[in-house]
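Content type mmCIF, C-alpha atoms, from the file protein22.cif:
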data_structure
#
loop_
_atom_site.label_atom_id
_atom_site.label_comp_id
_atom_site.auth_asym_id
_atom_site.auth_seq_id
_atom_site.Cartn_x
_atom_site.Cartn_y
_atom_site.Cartn_z
CA VAL A 1 54.49 121.76 190.07
CA TRP A 2 53.36 125.38 189.88
CA LEU A 3 55.51 126.35 192.86
CA ILE A 4 58.63 124.76 191.34
CA SER A 5 58.05 126.26 187.90
CA SER A 6 57.44 129.70 189.43
CA PHE A 7 61.04 129.66 190.66
CA VAL A 8 62.62 127.88 187.69
CA PHE A 9 61.05 130.29 185.17
CA ASP A 10 61.38 133.43 187.35
CA VAL A 11 57.63 133.98 187.76
CA ARG A 12 57.94 134.92 191.43
CA LYS A 13 60.97 137.16 190.85
CA ASN A 14 59.34 139.02 187.96
CA SER A 15 56.03 139.44 189.78
CA ILE A 16 57.88 141.19 192.60
CA ASN A 17 60.31 143.24 190.50
CA ASN A 18 57.70 144.49 188.04
CA PHE A 19 55.62 146.09 190.76
CA SER A 20 58.14 147.03 193.46
CA GLU A 21 58.89 150.56 192.20
CA PHE A 22 55.21 151.23 191.57
CA TYR A 23 54.33 150.22 195.12
CA LYS A 24 57.12 152.39 196.53
CA SER A 25 55.69 155.42 194.75
CA MET A 26 52.54 155.38 196.90
CA THR A 27 51.93 156.53 200.46
CA TYR A 28 50.51 154.01 202.92
CA THR A 29 49.29 153.78 206.47
CA ARG A 30 50.73 150.94 208.50
CA LYS A 31 49.44 147.51 207.59
CA ILE A 32 46.13 146.46 209.12
CA TYR A 33 45.30 142.82 209.75
CA LYS A 34 42.21 143.05 211.96
CA VAL A 35 39.16 145.23 211.57
CA ASN A 36 39.47 146.51 215.18
CA GLU A 37 42.75 148.18 214.21
CA MET A 38 40.80 150.60 212.00
CA ILE A 39 38.63 152.17 214.73
CA GLY A 40 39.11 155.92 215.09
CA LYS A 41 41.56 156.14 212.18
CA ALA A 42 39.35 157.76 209.53
CA ASP A 43 36.09 159.59 208.89
CA ILE A 44 35.10 157.35 205.97
CA TYR A 45 36.01 153.72 205.31
CA CYS A 46 35.86 152.65 201.67
CA VAL A 47 36.21 149.12 200.33
CA GLY A 48 36.91 149.07 196.64
CA SER A 49 39.16 146.70 194.81
CA ASP A 50 39.25 143.69 192.56
CA GLN A 51 37.78 140.49 194.03
CA VAL A 52 37.75 141.70 197.66
CA TRP A 53 34.49 139.79 198.15
CA ASN A 54 35.57 136.65 196.32
CA PRO A 55 36.11 133.94 198.95
CA LYS A 56 38.22 131.95 196.51
CA ILE A 57 40.78 134.75 196.60
CA THR A 58 40.52 135.78 200.27
CA HIS A 59 40.15 132.22 201.64
CA GLY A 60 36.65 132.79 202.90
CA PHE A 61 35.03 136.17 203.44
CA ASP A 62 37.53 138.49 205.11
CA GLU A 63 36.19 140.60 208.01
CA VAL A 64 38.50 143.48 207.09
CA PHE A 65 37.11 143.74 203.56
CA CYS A 66 33.59 143.53 204.96
CA LEU A 67 34.36 146.30 207.50
CA ALA A 68 32.97 144.00 210.15
CA ASN A 69 32.76 146.44 213.07
CA ASP A 70 29.77 148.59 213.96
CA ASP A 71 31.99 151.17 215.69
CA LEU A 72 33.53 152.30 212.41
CA HIS A 73 32.38 155.62 211.04
CA LYS A 74 30.75 155.92 207.63
CA LYS A 75 31.25 152.77 205.51
CA ILE A 76 31.01 152.70 201.73
CA SER A 77 31.96 150.38 198.89
CA PHE A 78 33.10 151.60 195.49
CA ALA A 79 33.30 149.10 192.61
CA SER A 80 34.03 146.15 194.86
CA SER A 81 34.26 142.86 193.01
CA MET A 82 33.04 139.35 193.74
CA GLY A 83 34.59 137.66 190.73
CA SER A 84 32.71 134.47 189.90
CA ALA A 85 32.63 132.77 193.27
CA GLU A 86 30.21 129.92 193.92
CA PHE A 87 28.84 131.28 197.17
CA GLY A 88 27.04 128.08 198.07
CA LEU A 89 30.42 126.55 198.93
CA TYR A 90 31.21 129.16 201.59
CA ASP A 91 29.86 130.53 204.86
CA THR A 92 28.34 133.84 203.78
CA SER A 93 27.23 135.01 207.22
CA ILE A 94 30.01 137.63 207.55
CA LEU A 95 29.20 139.10 204.16
CA LYS A 96 25.44 139.15 204.71
CA THR A 97 25.64 140.59 208.23
CA HIS A 98 28.00 143.45 207.53
CA LEU A 99 27.11 144.57 204.02
CA ARG A 100 23.66 145.46 205.36
CA ASN A 101 25.35 148.09 207.53
CA PHE A 102 27.11 149.93 204.71
CA ASP A 103 25.97 153.52 204.19
CA ALA A 104 26.44 153.25 200.42
CA LEU A 105 27.14 150.13 198.40
CA SER A 106 28.36 149.73 194.82
CA VAL A 107 29.91 146.88 192.85
CA ARG A 108 31.41 146.59 189.37
CA GLU A 109 29.57 143.47 188.16
CA GLN A 110 25.86 143.02 187.54
CA VAL A 111 26.10 139.42 188.73
CA ALA A 112 27.40 140.73 192.08
CA ALA A 113 24.64 143.34 192.30
CA ASN A 114 22.04 140.65 191.60
CA TYR A 115 23.43 138.43 194.35
CA ILE A 116 23.43 141.26 196.89
CA LYS A 117 19.90 142.34 195.98
CA GLU A 118 18.56 138.80 196.27
CA ASN A 119 20.38 137.86 199.48
CA ILE A 120 21.43 140.96 201.41
CA THR A 121 20.00 144.38 200.50
CA ASN A 122 18.50 146.11 197.48
CA LYS A 123 20.50 149.27 198.21
CA VAL A 124 23.28 148.48 195.77
CA VAL A 125 24.24 149.91 192.39
CA THR A 126 26.69 148.98 189.66
CA VAL A 127 29.45 151.37 188.65
CA VAL A 128 32.23 151.18 186.08
CA ASP A 129 35.48 149.39 186.63
CA PRO A 130 37.77 152.04 188.22
CA THR A 131 40.19 151.90 185.28
CA PHE A 132 37.49 153.65 183.23
CA LEU A 133 37.52 156.67 185.53
CA PHE A 134 40.60 157.67 183.53
CA ASP A 135 40.10 158.13 179.79
CA LYS A 136 42.62 157.52 177.03
CA ASP A 137 44.30 160.92 177.44
CA ASP A 138 44.78 160.29 181.16
CA TRP A 139 46.36 156.90 180.53
CA MET A 140 48.52 158.25 177.71
CA ASN A 141 50.08 160.58 180.28
CA PHE A 142 50.65 157.73 182.70
CA TRP A 143 54.15 156.80 181.54
CA SER A 144 57.23 159.00 181.56
CA TYR A 145 58.54 157.88 178.15
CA LYS A 146 55.27 158.22 176.24
CA LYS A 147 56.85 159.38 172.95
CA GLU A 148 58.86 156.20 172.59
CA ARG A 149 57.45 153.10 170.93
CA PRO A 150 58.45 150.11 173.07
CA ILE A 151 58.63 147.87 169.98
CA SER A 152 59.46 149.39 166.62
CA ASP A 153 57.73 146.69 164.54
CA LYS A 154 54.01 146.24 164.05
CA TYR A 155 52.78 143.69 166.62
CA VAL A 156 49.82 141.71 167.94
CA LEU A 157 49.93 141.63 171.73
CA ILE A 158 48.92 138.61 173.84
CA TYR A 159 47.96 139.00 177.48
CA ALA A 160 46.72 135.64 178.78
CA LEU A 161 45.76 134.35 182.22
CA GLY A 162 45.19 130.99 183.83
CA GLY A 163 47.11 128.58 181.63
CA TYR A 164 45.21 129.43 178.42
CA PHE A 165 48.17 130.87 176.54
CA ASN A 166 48.05 128.48 173.57
CA GLU A 167 44.43 129.35 172.85
CA CYS A 168 45.32 133.04 172.72
CA ASN A 169 48.46 132.39 170.70
CA THR A 170 46.63 130.43 168.00
CA LEU A 171 44.26 133.34 167.41
CA ALA A 172 47.01 135.95 167.67
CA ARG A 173 49.08 134.17 165.02
CA GLN A 174 46.13 134.10 162.59
CA ILE A 175 45.61 137.82 163.08
CA ALA A 176 49.33 138.60 162.79
CA ASN A 177 49.49 136.74 159.49
CA LYS A 178 46.55 138.73 158.16
CA ILE A 179 47.99 142.14 159.00
CA GLY A 180 51.70 141.40 158.56
CA ALA A 181 52.73 141.75 162.20
CA LYS A 182 54.74 139.83 164.72
CA VAL A 183 53.34 138.24 167.88
CA VAL A 184 54.44 139.58 171.26
CA ALA A 185 53.35 138.23 174.67
CA ILE A 186 53.26 139.78 178.13
CA THR A 187 54.13 137.06 180.63
CA LEU A 188 55.84 136.62 183.98
CA SER A 189 57.41 133.33 182.94
CA THR A 190 60.68 132.97 181.04
CA ARG A 191 59.52 129.57 179.73
CA LYS A 192 60.00 129.42 175.96
CA LYS A 193 56.86 130.22 173.96
CA ASN A 194 56.05 130.03 170.27
CA VAL A 195 55.95 133.80 169.77
CA ASP A 196 58.30 136.34 168.23
CA GLU A 197 59.02 138.10 171.51
CA ILE A 198 58.17 137.63 175.18
CA LEU A 199 57.97 140.52 177.63
CA THR A 200 58.68 139.49 181.21
CA ASN A 201 59.74 142.80 182.76
CA VAL A 202 56.48 144.69 182.39
CA THR A 203 55.77 147.38 184.96
CA PRO A 204 52.28 148.96 185.25
CA GLU A 205 53.51 151.83 183.07
CA LEU A 206 54.80 149.46 180.41
CA PHE A 207 51.61 147.39 180.53
CA VAL A 208 49.63 150.43 179.42
CA HIS A 209 52.36 151.38 176.95
CA TYR A 210 52.42 147.98 175.19
CA ILE A 211 48.65 147.90 174.78
CA ALA A 212 48.50 151.50 173.53
CA ASN A 213 51.05 150.80 170.80
CA ALA A 214 49.75 147.41 169.66
CA SER A 215 48.05 146.93 166.30
CA PHE A 216 45.77 144.33 167.87
CA VAL A 217 45.31 142.75 171.32
CA VAL A 218 44.31 139.16 172.07
CA THR A 219 43.47 138.60 175.72
CA ASN A 220 41.36 136.51 178.07
CA SER A 221 41.83 139.02 180.88
CA PHE A 222 39.05 141.31 182.01
CA HIS A 223 41.45 144.20 182.54
CA GLY A 224 43.26 143.41 179.31
CA THR A 225 39.84 143.91 177.72
CA CYS A 226 39.22 147.12 179.69
CA PHE A 227 42.48 148.72 178.63
CA SER A 228 42.05 147.71 174.99
CA ILE A 229 38.69 149.49 174.94
CA ASN A 230 39.93 152.51 176.86
CA LEU A 231 42.97 152.96 174.63
CA GLY A 232 41.01 152.37 171.42
CA ILE A 233 42.94 149.31 170.24
CA PRO A 234 41.23 146.58 168.11
CA PHE A 235 41.02 143.38 170.15
CA TYR A 236 39.47 140.01 170.79
CA SER A 237 38.50 139.08 174.33
CA ILE A 238 38.69 135.29 174.52
CA LYS A 239 36.19 133.64 176.84
CA TYR A 240 37.95 132.88 180.13
CA ALA A 241 36.32 129.71 181.42
CA LYS A 242 37.10 130.40 185.09
CA ASN A 243 35.31 133.75 185.04
CA PRO A 244 33.57 134.65 181.77
CA PHE A 245 30.89 136.91 183.24
CA ARG A 246 32.83 140.11 183.78
CA ALA A 247 34.17 140.45 180.24
CA SER A 248 30.96 139.28 178.55
CA GLU A 249 28.88 141.70 180.62
CA LEU A 250 31.22 144.60 179.82
CA LEU A 251 31.20 143.86 176.09
CA GLU A 252 27.42 143.52 176.07
CA LYS A 253 26.99 146.93 177.70
CA CYS A 254 29.51 148.54 175.35
CA GLY A 255 28.01 147.10 172.17
CA LEU A 256 31.12 145.03 171.54
CA LYS A 257 29.69 141.49 171.63
CA LYS A 258 31.44 140.63 168.35
CA ARG A 259 34.77 141.01 170.11
CA PHE A 260 33.98 138.26 172.62
CA TYR A 261 35.75 135.26 171.09
CA CYS A 262 34.34 131.84 171.96
CA GLY A 263 36.39 129.73 169.55
CA LYS A 264 34.03 129.81 166.57
CA ASN A 265 34.19 133.41 165.42
CA GLN A 266 35.33 134.13 161.91
CA ILE A 267 37.90 136.92 161.83
CA GLU A 268 36.06 139.64 159.95
CA ASP A 269 37.79 142.65 158.41
CA CYS A 270 35.76 145.00 160.63
CA MET A 271 37.58 143.59 163.68
CA PHE A 272 40.75 145.42 162.58
CA LYS A 273 39.01 148.80 162.76
CA ASN A 274 38.11 150.59 165.99
CA ASP A 275 34.89 152.42 165.05
CA ASP A 276 32.84 150.28 167.43
CA ILE A 277 35.41 150.83 170.19
CA LEU A 278 35.24 154.61 169.77
CA ASP A 279 31.46 154.37 170.21
CA ALA A 280 32.04 152.30 173.36
CA GLN A 281 34.35 155.00 174.70
CA ILE A 282 31.55 157.55 174.42
CA TYR A 283 29.23 155.26 176.38
CA LEU A 284 31.90 154.60 179.03
CA LYS A 285 32.64 158.30 179.44
CA GLU A 286 28.99 158.86 180.33
CA GLU A 287 28.96 155.89 182.70
CA SER A 288 32.19 157.05 184.34
CA ALA A 289 30.64 160.47 185.02
CA LYS A 290 27.65 158.77 186.66
CA SER A 291 29.97 156.61 188.77
CA MET A 292 31.98 159.61 189.96
CA LYS A 293 28.76 161.43 190.83
CA TRP A 294 27.65 158.38 192.87
CA LEU A 295 31.00 158.31 194.69
CA ARG A 296 30.89 162.02 195.55
CA ASN A 297 27.36 161.63 196.90
CA ALA A 298 28.38 158.56 198.91
CA ILE A 299 31.23 160.52 200.51
CA TYR A 300 29.58 163.86 201.16
CA GLU A 301 25.92 163.08 201.84
#
Could I get this file's structure written as structure tokens?
Amino acid sequence: VWLISSFVFDVRKNSINNFSEFYKSMTYTRKIYKVNEMIGKADIYCVGSDQVWNPKITHGFDEVFCLANDDLHKKISFASSMGSAEFGLYDTSILKTHLRNFDALSVREQVAANYIKENITNKVVTVVDPTFLFDKDDWMNFWSYKKERPISDKYVLIYALGGYFNECNTLARQIANKIGAKVVAITLSTRKKNVDEILTNVTPELFVHYIANASFVVTNSFHGTCFSINLGIPFYSIKYAKNPFRASELLEKCGLKKRFYCGKNQIEDCMFKNDDILDAQIYLKEESAKSMKWLRNAIYE
């Protein structure tokens, strides 16, 4: 059903088109499929991306993402993610064997750090999500048409993952009615939705742009939450049942627990202000500096 609908409602086409120009703007080495293809290619090998150690995503633990070769030079991990995998369902031998051989090891989730400390090595630290290494000013310079408002009207923005759109939309509509705004949704699907406007052609630049210009954001996405904080936009982060830990942990650390929506919250007037978010930005700026210091030490020591 999903495969058919992805073609009927242009999900596949939009997912390719929205990112194709962004991908073309970067410089790459040739593609690597086996860890042995890396030998002798670099002085430092760094793993660091979203869910690279989540076997649900990589269909078991991938040797490439575990840098599973002792002949590689210095091996480090920066802000690698495990998502919310249930590790008891998978063979973890590759992960356990090779993470012990990393020269420096960092992850972006406390739950991941706890797992590694309990099962692999205690030489692991948590760092910020890499999107926080850029502050609001950096992101505001990310797009080439930054002086233009993408939508002239006041709007509440929905960014929903995993089939939970209606839950986000119900909350977004309540908020929109309170502040006199329309409801706009970022989605890959052209399927009709009960909102005022759907946005299907959203490049990485426009993604940042739409959040930065919203009056309020309703999301169940971890990175939707990250960008709302970083850009200083009032928001609710709806509990995402498939992986609630990342967002809840982030909001706890930032002093933004009230913005974690579990279905029972009353919409208080203070939620439309961003004073608490500005305080969180100060905290994150300090944590980002610590993370960059850790990365420099991991590379140069």
- Task: Using the chain letters and numbering of this document, enumerate as a PyMOL selection string the residues selected by the PyMOL selection byres ((chain A and resi 291) around 10).
- Result: chain A and resi 78-79+106+125-130+132-133+285-290+292-297
Based on the selection just made, write C-alpha atoms of those residues as a PDB file, keeping the file's coordinate frame.
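For reference, part.pdb as written:
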ATOM      1  CA  PHE A  78      33.100 151.600 195.490  1.00  0.00           C
ATOM      2  CA  ALA A  79      33.300 149.100 192.610  1.00  0.00           C
ATOM      3  CA  SER A 106      28.360 149.730 194.820  1.00  0.00           C
ATOM      4  CA  VAL A 125      24.240 149.910 192.390  1.00  0.00           C
ATOM      5  CA  THR A 126      26.690 148.980 189.660  1.00  0.00           C
ATOM      6  CA  VAL A 127      29.450 151.370 188.650  1.00  0.00           C
ATOM      7  CA  VAL A 128      32.230 151.180 186.080  1.00  0.00           C
ATOM      8  CA  ASP A 129      35.480 149.390 186.630  1.00  0.00           C
ATOM      9  CA  PRO A 130      37.770 152.040 188.220  1.00  0.00           C
ATOM     10  CA  PHE A 132      37.490 153.650 183.230  1.00  0.00           C
ATOM     11  CA  LEU A 133      37.520 156.670 185.530  1.00  0.00           C
ATOM     12  CA  LYS A 285      32.640 158.300 179.440  1.00  0.00           C
ATOM     13  CA  GLU A 286      28.990 158.860 180.330  1.00  0.00           C
ATOM     14  CA  GLU A 287      28.960 155.890 182.700  1.00  0.00           C
ATOM     15  CA  SER A 288      32.190 157.050 184.340  1.00  0.00           C
ATOM     16  CA  ALA A 289      30.640 160.470 185.020  1.00  0.00           C
ATOM     17  CA  LYS A 290      27.650 158.770 186.660  1.00  0.00           C
ATOM     18  CA  MET A 292      31.980 159.610 189.960  1.00  0.00           C
ATOM     19  CA  LYS A 293      28.760 161.430 190.830  1.00  0.00           C
ATOM     20  CA  TRP A 294      27.650 158.380 192.870  1.00  0.00           C
ATOM     21  CA  LEU A 295      31.000 158.310 194.690  1.00  0.00           C
ATOM     22  CA  ARG A 296      30.890 162.020 195.550  1.00  0.00           C
ATOM     23  CA  ASN A 297      27.360 161.630 196.900  1.00  0.00           C
TER      24      ASN A 297
END
Write out as JSON an axis-aligned box for stretch 177-183 of chain A: all of its atoms listed in the file, 4 Å added on each side, centre and edge lengths in Å with one decimal.
{"center_x": 50.6, "center_y": 139.4, "center_z": 163.0, "size_x": 16.2, "size_y": 13.4, "size_z": 17.7}
Expected selection from the PyMOL selection byres ((chain A and resi 47) around 8), given as an mmCIF file with C-alpha atoms, in the frame of the given file:
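Saved the output as result32.cif:
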data_model
loop_
_atom_site.group_PDB
_atom_site.id
_atom_site.type_symbol
_atom_site.label_atom_id
_atom_site.label_comp_id
_atom_site.auth_asym_id
_atom_site.auth_seq_id
_atom_site.Cartn_x
_atom_site.Cartn_y
_atom_site.Cartn_z
ATOM 1 C CA TYR A 45 36.010 153.720 205.310
ATOM 2 C CA CYS A 46 35.860 152.650 201.670
ATOM 3 C CA GLY A 48 36.910 149.070 196.640
ATOM 4 C CA SER A 49 39.160 146.700 194.810
ATOM 5 C CA PHE A 65 37.110 143.740 203.560
ATOM 6 C CA CYS A 66 33.590 143.530 204.960
ATOM 7 C CA LEU A 67 34.360 146.300 207.500
ATOM 8 C CA ILE A 76 31.010 152.700 201.730
ATOM 9 C CA SER A 77 31.960 150.380 198.890
ATOM 10 C CA PHE A 78 33.100 151.600 195.490
ATOM 11 C CA SER A 80 34.030 146.150 194.860
#
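Of note, atom CA of A:Tyr164 and atom CA of A:Tyr90 are spaced 27.1 Å apart.
Atom CA of A:Tyr240 is found 21.2 Å from atom CA of A:Leu89.
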- Message: Could you list, as JSON, numbers by chain, every residue matched by the PyMOL selection byres ((chain A and resi 137-142) around 12) in this structure?
- Response: {"A": [22, 131, 132, 133, 134, 135, 136, 143, 144, 145, 146, 147, 148, 203, 204, 205, 206, 207, 208, 209, 210, 211, 212, 213, 227, 228, 230, 231, 232, 281]}
- Given only C-alpha atoms as the counted atoms, nearest of A:His223, A:Lys192, A:His59, A:Lys123 to A:Arg246: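 Of the candidates, the smallest distance to A:Arg246 is held by A:His223.
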- Identify which of the residues A:Met82, A:Met26, A:Cys168, A:Ile32 lies closest to A:Phe245, counting all atoms listed in the file when measuring atom-to-atom distances.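 Distance minimum relative to A:Phe245 lands on A:Met82.
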- Query: So what do you get for atom CA of A:Lys34 versus atom CA of A:Glu301, distance-wise?
  - Reply: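 Here the two named atoms are 27.7 Å from each other.
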- What's the 12 Å shell around A:Asp153, counting only C-alpha atoms, without same-chain residues fewer than 5 positions away, as a list in words?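 That gives Ala176, Gly180, Ala181, Lys182, Val183, Val184, Asp196, Glu197, Tyr210, Asn213, Ala214 and Ser215 of chain A.
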Hey, can you spit out that residue selection with C-alpha atoms as an mmCIF file, keeping the file's coordinate frame?
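Heads up, here's the output in result-v6.cif:
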data_model
loop_
_atom_site.group_PDB
_atom_site.id
_atom_site.type_symbol
_atom_site.label_atom_id
_atom_site.label_comp_id
_atom_site.auth_asym_id
_atom_site.auth_seq_id
_atom_site.Cartn_x
_atom_site.Cartn_y
_atom_site.Cartn_z
ATOM 1 C CA ALA A 176 49.330 138.600 162.790
ATOM 2 C CA GLY A 180 51.700 141.400 158.560
ATOM 3 C CA ALA A 181 52.730 141.750 162.200
ATOM 4 C CA LYS A 182 54.740 139.830 164.720
ATOM 5 C CA VAL A 183 53.340 138.240 167.880
ATOM 6 C CA VAL A 184 54.440 139.580 171.260
ATOM 7 C CA ASP A 196 58.300 136.340 168.230
ATOM 8 C CA GLU A 197 59.020 138.100 171.510
ATOM 9 C CA TYR A 210 52.420 147.980 175.190
ATOM 10 C CA ASN A 213 51.050 150.800 170.800
ATOM 11 C CA ALA A 214 49.750 147.410 169.660
ATOM 12 C CA SER A 215 48.050 146.930 166.300
#
- Using all atoms listed in the file: which of A:Asp269, A:Asp91, A:Asp103, A:Glu249 has the shortest distance to A:Ala298: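 Of all the options, A:Asp103 lies closest to A:Ala298.
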- Identify which of the residues A:Phe165, A:Tyr159, A:Tyr300, A:Tyr283 lies closest to A:Phe222, counting only C-alpha atoms when measuring atom-to-atom distances.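 Closest to A:Phe222, using only C-alpha atoms: A:Tyr159.
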Considering all atoms listed in the file, return as a compact mmCIF listing (two decimals) with C-alpha atoms, in the coordinates of the input whatever protein or nucleic-acid residues lie within 10 Å of A:Asp276, sequence-local ones (same chain, fewer than 4 positions apart) excluded.
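As written to disk, result.txt reads:
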# COMPACT_ATOMS: atom_id res chain seq x y z
CA ILE A 229 38.69 149.49 174.94
CA GLY A 232 41.01 152.37 171.42
CA PRO A 234 41.23 146.58 168.11
CA CYS A 254 29.51 148.54 175.35
CA GLY A 255 28.01 147.10 172.17
CA LEU A 256 31.12 145.03 171.54
CA LYS A 258 31.44 140.63 168.35
CA ARG A 259 34.77 141.01 170.11
CA CYS A 270 35.76 145.00 160.63
CA MET A 271 37.58 143.59 163.68
CA ALA A 280 32.04 152.30 173.36
CA GLN A 281 34.35 155.00 174.70
- Go ahead and find all residues with at least one atom no further than 12 Å from (39.6, 135.1, 193.2) in the file's coordinates, using all atoms listed in the file; report them as an MDAnalysis selection string. chainID A and resid 49:61 81:86 162 242:243
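Within the 9 Å cut-off around A:Ile94, using all atoms listed in the file and omitting residues fewer than 4 positions from it on the same chain, the listed residues are Phe61, Asp62, Glu63, Cys66, Ala68, His98 and Leu99 of chain A.
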- Item | Which residue of A:Val217, A:Ala113, A:Val64, A:Leu250 approaches A:Tyr33 most closely, using only C-alpha atoms |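 Of the candidates, the smallest distance to A:Tyr33 is held by A:Val64.
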